[in-house]
Structures are given as structure tokens and as C-alpha cells.
Amino acid sequence: MTSRLQQLHEAGQAVWLDFVDRKFLKADGLKKLVAEDGLTGVTSNPSIFEKAMGSGEAYDEGFNAFLGKADASVTDTYEAQAIADIQGAADDLRPVYDRLDGRDGYVSLEVSPYLANDTDATIAEARRLWAAVDRPNLMVKVPGTDAGTPAIRRLIANGININVTLLFSQDAYQAVAEAFIAGLEKRVKEGAPIDRIASVASFFVSRIDAQIDKAIDTRMEAGDPEADALKAIRGKVAIANAKLAYVHYQELIAGDRWQALAAKGAMPQRLLWASTGTKDPAYPDTLYIDTLIGRDTVNTMPPKTMDAFRDHGTVAETLTGDIEGARHVLAEARRLGLDLGQVTADLVGSGVTQFADAADQLLGAVAGKRNAFLGDRLNGMTAQLPASLDKAVEARLETARADAWSRRLWAGDAGLWTGGDEAKWLGWLAAAKGEQVDQAALATFGEKARSYKDAVLLGMGGSSLGPEVLSLILGSAAGSPKLHVLDTTDPGQIATVLAAIDPAGTLFIVSSKSGSTMEPELLRAFFFEKAGGQGAHFVAVTDPGSHLEKTAARDGFAAVFAGDPAIGGRYSVLSAFGMVPAAAMGIDVAAFYTATAPMVFACGPDAPPAANPGVRLGAILGEAAAIGRDKLTIVPSAGLAPFGAWLEQLIAESTGKQGKGIVPVDLEPVGTPESYGTDRVFVHLHLAGDEDDGLETKLKALAAAGHPLVSISVASRELIGQEFFRWEIATAVAGAVIGIDPFNQPDVEDAKIATRKLVDAYEKSGALEPETPLYEDAEIAIFAAGDASLAPTDPVAILSARLAGLGAGDYLGILAYVERDAAHEAAIARIRTAIRDARAVATVAGFGPRFLHSTGQAYKGGPATGMFIEVTRDPDPDLAIPHHRASFGTVQLAQARGDLDVLAARGQRVLRIHLKHGDLARLETLVTAALNA
Ligand SMILES: O=P(O)(O)OC[C@H]1O[C@](O)(CO)[C@@H](O)[C@@H]1O
């Protein structure tokens with residue numbers, strides 16, 4: 001006896017399976033259905049693959065084989081498996097396809113649901129999948145949305161078999177039927193064959209009833225006077241809708257236009273009934289099969305429905321029966337105010353969302369497996385968050401998923417931030433894949449650089465901090481020059497570098513994106529003279545067309561390496577700004593990108609937020625800031641200590657604006673839980689093999705006391721590039737949570753202008769404008785811009801009055817315009833610890849003018865909770881700048897004064913303590929006394 005499913009086939013309806021799964025294929029489940037039930041096709045969709053691959057281990061072998069490649073994206077990983085399954089199913093169905101001469105025997109694979117509203121991307125994806133699967137009996141599934149319909153026409157014209165999915169309404173069906181015909185006609189015009197192009201139009205049935213019935217039930221429960229009429233059409237609307245679609249189909253193929261194509265061998269676009277599993281348990285489980293049997297149609301069934309039909313379905317040609325009844329049902333629905341048009345429109349939207357949700361879930365699961373598989377090759381991250389913050393983060397990750405943040409970030413959707421010009425600043429994404437630099441040219445440059453013993457990089461902020469991290473964490477290769485980074489106007493520090501090198505035999509890297517930053521320009525002039533004007537020992541890294549590019553040409557620099565104007569300074573480390581100095585140090589740039597790639601892919605557009613290490617971190621930082629935990633406290637193990645200086649700029653300059661943002665806290669010694677307020681997030685960066693020094697225990701105590709703790713593990717120094725990228729993504733995402741443009745720095749310019757004014761005045765007059773101290777003695781002078789509230793009595797009283805003003809959520813900054821050396825760093829750390837422990841406030845520190853190009857933005861434009869002690873001193877010895885009246889010491893002082901004025905103008909509390917002999921011990925004594933006063 002033939003099975004009921006085979007009888008369907010005899011009645012003219014093809015039976016397809018709406019399911020695919022590796023185990024099932026491997027066990028020859030599909031072949032069995034072909035042999036026993038006359039099955040002639042298979043459909044898949046993102047939900048089906050999610051069920052197959054999203055859990056369990058069936059695909060692990062396949063994933064793992066693929067994941068050997070460091071640069072495999074999550075999509076690549078999933079898709080390789082999906083394609084293998086589809087190819088397997090297509091091969092199982094190939095005998096059917098051959099026997100029926102291409103009339104049936106198809107397997108469908110859907111384009112990414114994320115593209116449902118993008119015609120061109122859908123076309124590109126369909127073509128890509130068609131080529132990748134490479135089977136004549138493939139159908140690419142394209143949604144019949146407004147954007148999908150024109151894609152269908154073009155794809156049919158390309159000769160690609162198409163399964164139009166997500167059809168609910170008559171109008172949408174008519175539009176895709178038209179697109180199909182138009183596509184074939186285009187081929188005819190071009191003289192291309194049309195006899196092997198198959199298409200189905202997939203009408204989703206049960207979902208319509210699920211919606212309409214819900215509306216009916218609500219009204220009946222509310223005692224609607226039309227209860228009987230409503231009840232009479234319950235469970236009938238979807239079937240009536242399908243029947244009328246079939247009427248349209250019959251009219252279409254009877255028409256002249258179709259007949260002309262049929263004469264050339266065209267196969268009609270069959271109607272396919274999808275979503276045929278009943279959702280309402282009150283209905284017979286074969287309802288949407290029994291009632292929709294008709295010639296030249298397809299019914300794709302989930303396995304359960306197929307089993308049910310095989311067991312007790314009824315075969316009879318029902319589709320063409322009682323068309324008048326169907327019209328009546330739809331007319332009744334209209335009369336009763338059941339808006340089928342709205343329901344079907346909503347169903348298209350929710351259908352797309354459902355598939356996108358399934359794809360997110362699937363990609364999330366694959367991303368998780370991928371990250372676990374990579375093990376040590378991908379830096380790890382865990383977070384211990386207080387329950388309420390944890391909840392907020394998870395909620396944020398879910399809304400970010402639903403709003404497609406990972407994809408939108410990579411697509412440059414400025415709406416993720418403020419809708420400003422953010423899209424113009426995303427060149428760092430491609431740069432992280434090594435696409436901004438010429439890697440071969442860098443290798444050659446690295447070879448040449450080996451003739452130098454030393455290299456000195458002159459630059460500020462983004463142009464210096466990344467290179468400094470690379471030099472301190474990775475260091476130079478044997479035989480390559482040692483890199484000195486000079487990002488200051490401090491005469492002492494410049495003299496220290498000068499003393500450490502032979503200027504005539506040193507490679508100088510002048511690095512400035514804008515090419516017009518004052519400090520590198522002055523340093524270039526200084527060292528150019530010291531190097532005897534040998535331009536051949538200089539290279540520049542700068543954006544095209546800059547002033548520095550011209551200077552380099554004028555002075556005969558050995559090379560100019562171009563940056564990308566679509567990358568801001570603080571995001572530039574994985575572009576030429578980091579890689580030119582890296583190459584000079586003999587670092588293998590290609591290997592560096594390879595080591596970085598696992599994080600770049602883990603943070604990719606297809607890694608949904610919860611499984612995306614960068615987006616997850618950004619959500620933590622942003623949500624923490626929203627509840628006042630806006631002091632990001634960086635706690636590195638010894639080997640990663642230099643990383644904080646780079647991270648500070650990224651976080652501060654990107655987020656600290658419009659009175660909002662995150663204040664990074666670097667190099668503050670770790671304390672006990674009582675020494676902190678409730679404004680902290682701790683980030684522990686741990687390099688494998690580093691001594692613990694009791695850090696773990698201290699951090700555990702902090703986490704136990706309710707402070708959020710993020711722990712990042714780095715297996716080896718070579719993986720530091722991954723942290724650059726993770727934090728770049730995290731910062732951009734934190735910016736989206738906070739609601740600012742992470743790529744501008746609106747408050748930096750003012751301090752530069754104030755400085756320039758002072759320096760220009762000096763160039764004319766030979767003196768800086770006079771200023772009146774609040775207090776002065778033989779050792780110190782204290783200044784407080786425009787602050788009359790401080791009585792000029794004694795310095796301890798002035799300082800203690802200031803420190804007494806520090807409250808919960810405030811932070812104290814030491815802005816030291818002195819040489820950055822170990823002794824000064826230690827003294828500042830002691831001062832910070834004393835203040836932190838006495839007042840339970842966060843403390844930050846920066847050396848001027850270096851921090852002006854880094855954290856300075858947040859100090860001026862970020863939360864108005866700062867209190868700053870600026871430290872200056874009389875330079876001794878000072879250094880002259882060629883062709884300038886002002887010395888480096890004068891410029892540095894002008895920078896401090898300009899900064900002080902701008903900080904005060906922005907409402908931050910600030911005090912400048914001028915140490916006439918540059919002795920920081922005097923400041924320490926003063927602070928101790930003030931805290932004890
Ligand atoms: O590379 P440039 O253009 O010299 O700029 C250096 C730094 O100065 C800043 O513009 C801040 O002043 C930073 O954003 C930047 O990284």
C-alpha cells in the first residue's frame with residue numbers, strides 16, 4: 001500500500017520536509033523518506049539550523065575542523081556547516097531531481113534574515129550562497145518583503161532558483177509572482193534558457209490563524225455581540241487566504257503572458273504551503289495539509305506533522321473546493337473588523353524578527369563554542385558584578401541584540417550613537433585586520449631600521465601611547481633599535497632621552513595624525529637640529545596632506561607613512577601609527593595581526609552582544625557609569641602595567657564629554673574595600689606567568705564587598721593587540737550606552753588655544769603674562785584661577801579646605817608638569833594613596849602636557865566631579881627650541897596655565913602648586929599636613 005504521503009504526490013502535491021539536521025542526514029533519514037514516502041524536497045530556515053546546531057555536540061567536529069583558521073568569523077563557522085548539510089540533502093535528492101528532469105527535488109537555504117530590508121545585500125548573499133552550495137537543485141530562500149521582491153526578479157534573471165519565503169498576503173504574493181515572471185522575461189530577452197529555473201512561493205498558513213484566532217478569542221471573552229459569527233470563522237481565515245492565492249495562481253498560468261513563457265519550457269512558480277504545523281492543539285494536527293491539497297503545489301511539513309499525516313491524514317483535492325466559502329470567510333473577517341491586511345503586514349515584520357532572533361541565538365551559540373575552542377589564543381574575560389548591575393547589563397545586552405548593535409557598529413550606523421558623523425570615524429575596524437598598512441613595506445622598513453641602535457618617536461596622545469605600550473610590553477627584537485617615546489615638552493625628560501642616544505645615529509619617527517600638533521613639531525625641530533639636519537634619519541607618520549607631510553618632503557625624510565583620516569588618534573594603534581614604530585622595533589607586523597585576529601573576529605558584526613567580548617565589556621562599562629560607577633580602575637599585573645596609559649586616553653577622550661562619561665583611574669595602588677566609595681569598576685588585566693603579589697586576594701575582597709570586577713586574562717604578550725581591539729569596541733559601545741559621540745573630543749581644543757595665546761605673547765614680549773599667587777613663600781606659590789574664596793593664609797589651610805570639599809563620587813587629579821620618571825611616579829602614587837584612603841575618593845594622575853592629549857578631555861568635558869592639583873616647577877635646566885624665543889620650559893608652563901584656566905572655566909575645582917625647586921617631597925608634606933589638619 002502506498003503511504004498517505006505518496007498519495008499526496010499522486011494528487012499533484014509535492015511533499016517536502018521542513019527540517020534538516022546532521023544526525024538525520026548521516027543516518028540516511030532523508031533517503032528513507034524519499035524511498036518510502038515519495039518525498040521530493042527539503043526546506044530549511046534560521047530556526048531550523050538554530051535547533052540543529054545551537055545546542056548539543058553534533059556539529060562540534062565540523063566547527064572544530066573549521067576553527068583552526070584564526071580568521072574565521074562566526075558566520076563563516078556556522079555557514080560552513082549549514083552549507084555542508086544543504087549539500088548533503090541536495091545530493092540525497094539528486095536522484096529525484098534527475099528523475100523528474102528538474103521539476104522537483106530541491107533543497108532550500110535561506111539568505112541571512114538580517115538582510116531582509118536590503119535588496120542589494122540580499123542579491124549579493126543569494127549569489128554567494130548559490131556559488132558556495134554549487135548544486136543545481138538548490139533553491140535560495142529570499143523573503144517576499146518590499147526589499148526582497150526586486151531581488152527576486154534579478155536573481156531569477158540571473159538563473160538562480162528561488163524559494164520566496166515569508167509570504168502572508170495576497171498582495172505580496174502577487175508582487176512576487178510578477179517579479180518571477182518579469183525575471184524570466186528578462187532572460188528570454190537576453191536569449192538565456194528558462195527551462196531549468198525553479199521557484200516556489202511559500203505561503204505561511206498557520207501563523208495567520210494564530211493571530212486572527214487570538215483576536216477572535218479576545219473579543220468572544222469580552223462578550224462580543226458577534227460571537228457566533230466570529231466563532232464561525234475561527235481557524236478558517238488562513239485556509240481561505242491560501243485558497244484565494246491558488247485562484248490567483250491558476251489565473252496567472254492560464255494567462256497569455258505565462259503561456260508564452262511556458263511555451264519556452266518555463267516551469268511555473270508553485271505555491272508552497274509553509275507553517276503547516278498547527279499551533280492550536282484544539283485543531284486536528286493535519287488541518288493545514290488536509291485542507292490545502294491541490295495540483296502543482298508543495299506542502300513542506302515539520303517531521304511531527306509529516307508523521308501525523310502519514311498516520312491519519314486525508315487525501316482529497318480540497319484546495320479548489322468551495323472557493324465561494326473561502327471568499328465568504330474573508331468577507332466576514334472584513335465585516336467583523338478583523339484586519340487581515342494589518343495581520344499579514346505584522347506577520348512579515350515578526351517573521352523577519354523571529355528568524356533574526358533565531359539567527360542571533362544560533363550565532364551566539366556558535367560564537368560561544370568558537371571562543372571556547374580558541375582557548376588561550378583568545379584573551380579571556382569574566383565579570384563579577386553586583387546583582388543589580390548584572391541585571392542591567394544582561395538587559396542591555398538583550399536590547400542591544402534586538403537592536404542589532406554588533407552589526408550596526410560594523411556597518412557604521414551613526415544612529416547607534418548620536419546620529420552625527422560617527423560613521424566617518426570607523427576606519428579602525430578595517431585597520432584591525434591589517435588592512436590600513438602595507439605590511440610588506442613595513443617589513444622592508446623594519447629591516448632598514450636594524451642599522452640604528454635607537455629610535456625616538458615624537459608624538460602625542462594616540463600617536464605616542466600605543467607605540468609606548470608596544471615598546472614596553474613587546475620590546476624590540478634582537479638587532480632592532482630600542483624605541484624611546486617622547487611625548488612631552490618637559491625639558492628634563494627631553495634631556496634624558498637626548499643623553500641616552502647618539503642623535504646623529506638615531507632613527508626619528510615623527511608621528512602626528514593632524515601633522516600640526518605643537519609638541520611633535522617643536523620636538524622635530526629640536527632633534528632635527530641635534531641630528532645635524534639629516535632628513536634621511538627621519539620618517540613621518542601622518543594623515544595625507546598634513547603640514548607634517550610637507551615638512552617631511554621639504555627636509556628629505558626617508559619615508560612618510562600615511563594614516564587613515566577615518567581613524568581618530570586614540571583609535572589608531574592598529575594602523576600605521578602603531579605599526580610603523582612596531583616595525584622599527586623589529587616586531588613582525590603580519591604575525592601581530594594574526595595574533596590579534598581571534599579577538600577581531602570574536603568581536604565581529606555577527607557575534608551577538610552577549611557573546612561578543614567587546615560589546616559585553618562596553619555594556620558593563622556603560623551600565624556601570626549610568627549608576628555612578630564611572631571610575632574605571634585599571635589594575636594590571638606587572639607585565640601589562642604600561643597598557644593603562646593607552647587605555648586611559650581611549651576611555652577618557654572617547655566618553656568624557658557633555659558632563660558625562662567614564663573617568664579612567666590608572667596606576668593607583670590597590671586598597672582595601674573601605675578605601676573606596678561606590679563609584680568604581682575594577683578591571684584586572686592579568687598576563688599569564690606574572691607574579692600575583694597578593695593582587696588576587698585584594699581583588700577578591702573588593703568583589704566580595706560589592707565592587708564590580710572584570711577580569712581579563714592574556715596568555716602571552718604577543719596577544720596584546722587583542723586588548724587594543726576589545727577595548728576599542730567596548731569604548732564605542734559604552735559611548736552608545738552613555739549617549740555620546742565617542743569619536744570627537746570637543747573640549748581639547750580650548751586648552752590648546754589658551755596655551756598658544758600665552759606662547760605667542762611670550763614670543764613677542766619675552767615673558768609670560770604676570771599672575772598673582774594666592775600664597776607664596778621661598779619654596780612654593782599657589783594659584784587658583786578666578787577663585788577668591790580661598791583666603792591667602794597658609795598653604796596647608798588652602799589645601800585642606802580644598803581636600804575637605806571632596807565628596808562621594810568626586811575624584812582628585814594630580815596634574816604634574818614635571819619629568820615623568822620613576823621617582824616622581826612613586827611620589828605621586830604615595831600622594832594619591834594618602835588622599836584616596838583619607839577621603840575614599842578616586843584619584844587620577846597625569847604628567848603634563850602628555851595627559852592633555854589623553855585624559856585631559858574627560859577632565860574638562862566629563863563629569864564635573866573633579867578636583868585637580870596642578871603641579872608646576874621652574875625648569876632647571878631648561879632647553880631652547882630652535883627658531884623660538886620660548887624655551888621648552890616656558891611652553892610647558894604656558895600649557896599648565898592654559899589648562900588651569902580652561903579647567904576652571906569648565907567648573908572643575910583646580911589649584912596650581914608651583915614648586916620653585918621642583919621638589920615633590922614638599923608637596924607630599926603639604927598634602928599630609930592638609931589631610932591631618
Ligand atoms: O596625532 P596628532 O594629530 O598629533 O594628535 C595627538 C593627540 O592630540 C589629540 O588630538 C588631543 O589633543 C588626541 O586626540 C590625539 O591623539
# chains A, B, ... in the order shown; residues from 1 in each chain; ligands from 1

$ residues_near_ligand --ligand "ligand 1" --cutoff "10 Å" --atoms "only C-alpha atoms and all ligand atoms" --output "PyMOL selection string"
chain A and resi 458-466+487+510-521+541-543+546+548+563+568-572+577+649-650+653-654+743-752+849-857

$ select_by_dssp --residues "range 495-549 of chain A" --states "helix (DSSP H, G or I)" --output "PDB file with N, CA and C atoms, in the first residue's frame"
ATOM      1  N   ALA A 495      65.902  66.086  27.837  1.00  0.00           N
ATOM      2  CA  ALA A 495      67.351  65.970  28.064  1.00  0.00           C
ATOM      3  C   ALA A 495      67.730  64.527  28.389  1.00  0.00           C
ATOM      4  N   THR A 496      66.858  63.826  29.109  1.00  0.00           N
ATOM      5  CA  THR A 496      67.156  62.432  29.463  1.00  0.00           C
ATOM      6  C   THR A 496      67.254  61.577  28.207  1.00  0.00           C
ATOM      7  N   VAL A 497      66.316  61.763  27.289  1.00  0.00           N
ATOM      8  CA  VAL A 497      66.363  60.977  26.050  1.00  0.00           C
ATOM      9  C   VAL A 497      67.584  61.374  25.217  1.00  0.00           C
ATOM     10  N   LEU A 498      67.806  62.663  25.162  1.00  0.00           N
ATOM     11  CA  LEU A 498      68.961  63.155  24.383  1.00  0.00           C
ATOM     12  C   LEU A 498      70.254  62.520  24.892  1.00  0.00           C
ATOM     13  N   ALA A 499      70.347  62.390  26.198  1.00  0.00           N
ATOM     14  CA  ALA A 499      71.568  61.828  26.782  1.00  0.00           C
ATOM     15  C   ALA A 499      71.687  60.328  26.513  1.00  0.00           C
ATOM     16  N   ALA A 500      70.550  59.695  26.258  1.00  0.00           N
ATOM     17  CA  ALA A 500      70.574  58.234  26.084  1.00  0.00           C
ATOM     18  C   ALA A 500      70.890  57.803  24.659  1.00  0.00           C
ATOM     19  N   PRO A 503      72.315  61.309  18.707  1.00  0.00           N
ATOM     20  CA  PRO A 503      71.313  61.876  17.775  1.00  0.00           C
ATOM     21  C   PRO A 503      71.678  61.720  16.307  1.00  0.00           C
ATOM     22  N   ALA A 504      72.960  61.692  16.010  1.00  0.00           N
ATOM     23  CA  ALA A 504      73.334  61.586  14.594  1.00  0.00           C
ATOM     24  C   ALA A 504      73.125  60.172  14.059  1.00  0.00           C
ATOM     25  N   GLY A 505      72.999  59.212  14.963  1.00  0.00           N
ATOM     26  CA  GLY A 505      72.826  57.823  14.507  1.00  0.00           C
ATOM     27  C   GLY A 505      71.535  57.217  15.010  1.00  0.00           C
ATOM     28  N   MET A 518      51.455  70.853  18.331  1.00  0.00           N
ATOM     29  CA  MET A 518      52.601  71.694  18.687  1.00  0.00           C
ATOM     30  C   MET A 518      53.807  70.887  19.188  1.00  0.00           C
ATOM     31  N   GLU A 519      53.569  69.955  20.113  1.00  0.00           N
ATOM     32  CA  GLU A 519      54.711  69.285  20.756  1.00  0.00           C
ATOM     33  C   GLU A 519      55.575  68.519  19.757  1.00  0.00           C
ATOM     34  N   PRO A 520      55.008  67.631  18.940  1.00  0.00           N
ATOM     35  CA  PRO A 520      55.893  66.925  17.999  1.00  0.00           C
ATOM     36  C   PRO A 520      56.582  67.869  17.022  1.00  0.00           C
ATOM     37  N   GLU A 521      55.926  68.975  16.714  1.00  0.00           N
ATOM     38  CA  GLU A 521      56.542  69.928  15.797  1.00  0.00           C
ATOM     39  C   GLU A 521      57.778  70.564  16.453  1.00  0.00           C
ATOM     40  N   LEU A 522      57.651  70.945  17.729  1.00  0.00           N
ATOM     41  CA  LEU A 522      58.801  71.538  18.428  1.00  0.00           C
ATOM     42  C   LEU A 522      59.900  70.494  18.626  1.00  0.00           C
ATOM     43  N   LEU A 523      59.487  69.274  18.958  1.00  0.00           N
ATOM     44  CA  LEU A 523      60.478  68.210  19.178  1.00  0.00           C
ATOM     45  C   LEU A 523      61.203  67.859  17.872  1.00  0.00           C
ATOM     46  N   ARG A 524      60.435  67.853  16.782  1.00  0.00           N
ATOM     47  CA  ARG A 524      61.057  67.579  15.475  1.00  0.00           C
ATOM     48  C   ARG A 524      62.132  68.622  15.186  1.00  0.00           C
ATOM     49  N   ALA A 525      61.775  69.913  15.404  1.00  0.00           N
ATOM     50  CA  ALA A 525      62.734  70.989  15.129  1.00  0.00           C
ATOM     51  C   ALA A 525      63.987  70.800  15.998  1.00  0.00           C
ATOM     52  N   PHE A 526      63.765  70.437  17.260  1.00  0.00           N
ATOM     53  CA  PHE A 526      64.867  70.268  18.208  1.00  0.00           C
ATOM     54  C   PHE A 526      65.805  69.137  17.774  1.00  0.00           C
ATOM     55  N   PHE A 527      65.212  67.977  17.490  1.00  0.00           N
ATOM     56  CA  PHE A 527      66.063  66.821  17.174  1.00  0.00           C
ATOM     57  C   PHE A 527      66.615  66.883  15.751  1.00  0.00           C
ATOM     58  N   PHE A 528      65.924  67.573  14.886  1.00  0.00           N
ATOM     59  CA  PHE A 528      66.439  67.722  13.525  1.00  0.00           C
ATOM     60  C   PHE A 528      67.774  68.469  13.576  1.00  0.00           C
ATOM     61  N   GLU A 529      67.763  69.485  14.417  1.00  0.00           N
ATOM     62  CA  GLU A 529      68.998  70.255  14.579  1.00  0.00           C
ATOM     63  C   GLU A 529      70.082  69.393  15.227  1.00  0.00           C
ATOM     64  N   LYS A 530      69.662  68.662  16.292  1.00  0.00           N
ATOM     65  CA  LYS A 530      70.650  67.824  17.001  1.00  0.00           C
ATOM     66  C   LYS A 530      71.217  66.737  16.073  1.00  0.00           C
ATOM     67  N   GLY A 535      67.809  64.547   7.178  1.00  0.00           N
ATOM     68  CA  GLY A 535      66.424  64.090   6.974  1.00  0.00           C
ATOM     69  C   GLY A 535      66.324  62.594   6.746  1.00  0.00           C
ATOM     70  N   ALA A 536      67.392  61.999   6.220  1.00  0.00           N
ATOM     71  CA  ALA A 536      67.351  60.564   5.913  1.00  0.00           C
ATOM     72  C   ALA A 536      67.168  59.715   7.171  1.00  0.00           C
ATOM     73  N   HIS A 537      67.437  60.291   8.337  1.00  0.00           N
ATOM     74  CA  HIS A 537      67.249  59.544   9.579  1.00  0.00           C
ATOM     75  C   HIS A 537      65.854  59.754  10.164  1.00  0.00           C
ATOM     76  N   HIS A 547      50.463  69.133   7.319  1.00  0.00           N
ATOM     77  CA  HIS A 547      51.610  70.027   7.355  1.00  0.00           C
ATOM     78  C   HIS A 547      52.892  69.216   7.559  1.00  0.00           C
ATOM     79  N   LEU A 548      52.808  68.194   8.382  1.00  0.00           N
ATOM     80  CA  LEU A 548      53.989  67.351   8.625  1.00  0.00           C
ATOM     81  C   LEU A 548      54.435  66.642   7.338  1.00  0.00           C
ATOM     82  N   GLU A 549      53.465  66.235   6.543  1.00  0.00           N
ATOM     83  CA  GLU A 549      53.820  65.580   5.275  1.00  0.00           C
ATOM     84  C   GLU A 549      54.670  66.531   4.423  1.00  0.00           C
TER      85      GLU A 549
END

$ residues_around --residues "Pro875 in chain A" --least-positions-apart "4" --cutoff "12 Å" --atoms "only C-alpha atoms" --output "compact mmCIF listing (two decimals) with N, CA and C atoms, in the first residue's frame"
# COMPACT_ATOMS: atom_id res chain seq x y z
N THR A 489 56.86 68.29 26.65
CA THR A 489 57.71 69.47 26.43
C THR A 489 58.61 69.66 27.65
N ASP A 490 58.58 68.66 28.54
CA ASP A 490 59.37 68.79 29.76
C ASP A 490 60.86 68.75 29.42
N PRO A 491 61.58 69.83 29.74
CA PRO A 491 62.99 69.89 29.34
C PRO A 491 63.82 68.77 29.96
N GLY A 492 63.50 68.40 31.19
CA GLY A 492 64.26 67.34 31.86
C GLY A 492 64.12 66.03 31.12
N GLN A 493 62.89 65.75 30.73
CA GLN A 493 62.63 64.47 30.07
C GLN A 493 63.27 64.44 28.68
N ILE A 494 63.22 65.57 28.00
CA ILE A 494 63.84 65.64 26.67
C ILE A 494 65.36 65.44 26.82
N ALA A 495 65.90 66.09 27.84
CA ALA A 495 67.35 65.97 28.06
C ALA A 495 67.73 64.53 28.39
N TYR A 817 53.27 68.78 35.89
CA TYR A 817 54.07 69.26 34.75
C TYR A 817 55.53 69.16 35.15
N VAL A 818 55.97 67.92 35.34
CA VAL A 818 57.35 67.65 35.73
C VAL A 818 57.82 66.45 34.91
N GLU A 819 59.07 66.13 35.05
CA GLU A 819 59.60 64.98 34.30
C GLU A 819 58.90 63.71 34.75
N LEU A 879 65.61 74.00 28.18
CA LEU A 879 66.16 73.71 26.85
C LEU A 879 65.59 74.68 25.84
N ALA A 880 66.45 75.19 25.00
CA ALA A 880 65.99 76.13 23.97
C ALA A 880 65.37 75.38 22.81
N SER A 887 61.36 78.77 25.47
CA SER A 887 62.07 77.51 25.69
C SER A 887 61.03 76.40 25.90
N PHE A 888 61.49 75.15 25.96
CA PHE A 888 60.55 74.07 26.29
C PHE A 888 59.91 74.31 27.66
N GLY A 889 60.74 74.78 28.61
CA GLY A 889 60.22 75.01 29.96
C GLY A 889 59.10 76.05 29.95
N THR A 890 59.27 77.07 29.14
CA THR A 890 58.25 78.12 29.07
C THR A 890 56.97 77.57 28.44
N VAL A 891 57.16 76.81 27.38
CA VAL A 891 55.97 76.23 26.72
C VAL A 891 55.23 75.34 27.70
N GLN A 892 55.97 74.54 28.44
CA GLN A 892 55.33 73.62 29.39
C GLN A 892 54.53 74.40 30.45
N LEU A 893 55.14 75.49 30.91
CA LEU A 893 54.44 76.30 31.92
C LEU A 893 53.19 76.94 31.32
N HIS A 914 52.99 75.61 42.54
CA HIS A 914 54.25 75.76 41.81
C HIS A 914 55.41 75.49 42.76
N LEU A 915 56.19 74.47 42.44
CA LEU A 915 57.33 74.10 43.29
C LEU A 915 58.57 74.75 42.70
N LYS A 916 59.05 75.73 43.39
CA LYS A 916 60.13 76.51 42.78
C LYS A 916 61.38 75.67 42.54
N HIS A 917 61.60 74.67 43.40
CA HIS A 917 62.80 73.85 43.22
C HIS A 917 62.45 72.47 42.65
N GLY A 918 61.22 72.34 42.25
CA GLY A 918 60.82 71.08 41.62
C GLY A 918 60.82 69.90 42.58
N ASP A 919 60.66 70.18 43.86
CA ASP A 919 60.80 69.11 44.84
C ASP A 919 59.42 68.57 45.25

$ closest_residue --among "A:Val107, A:Leu397, A:Leu378, A:Ile152" --to "Asp18 in chain A" --atoms "only C-alpha atoms"
A:Val107

$ closest_residue --among "A:Glu332, A:Asp285, A:Asp360, A:Asp37" --to "Leu230 in chain A" --atoms "only C-alpha atoms"
A:Glu332

$ closest_atom_pairs --of "range 344-436 of chain A" --to "range 169-184 of chain A" --cutoff "10 Å" --atoms "only C-alpha atoms" --output "JSON lines"
{"residue": "A:Thr344", "atom": "CA", "partner": "A:Ser169", "partner_atom": "CA", "distance": 5.7}
{"residue": "A:Ala345", "atom": "CA", "partner": "A:Ser169", "partner_atom": "CA", "distance": 7.6}
{"residue": "A:Leu347", "atom": "CA", "partner": "A:Ser169", "partner_atom": "CA", "distance": 9.4}
{"residue": "A:Val348", "atom": "CA", "partner": "A:Ser169", "partner_atom": "CA", "distance": 9.1}
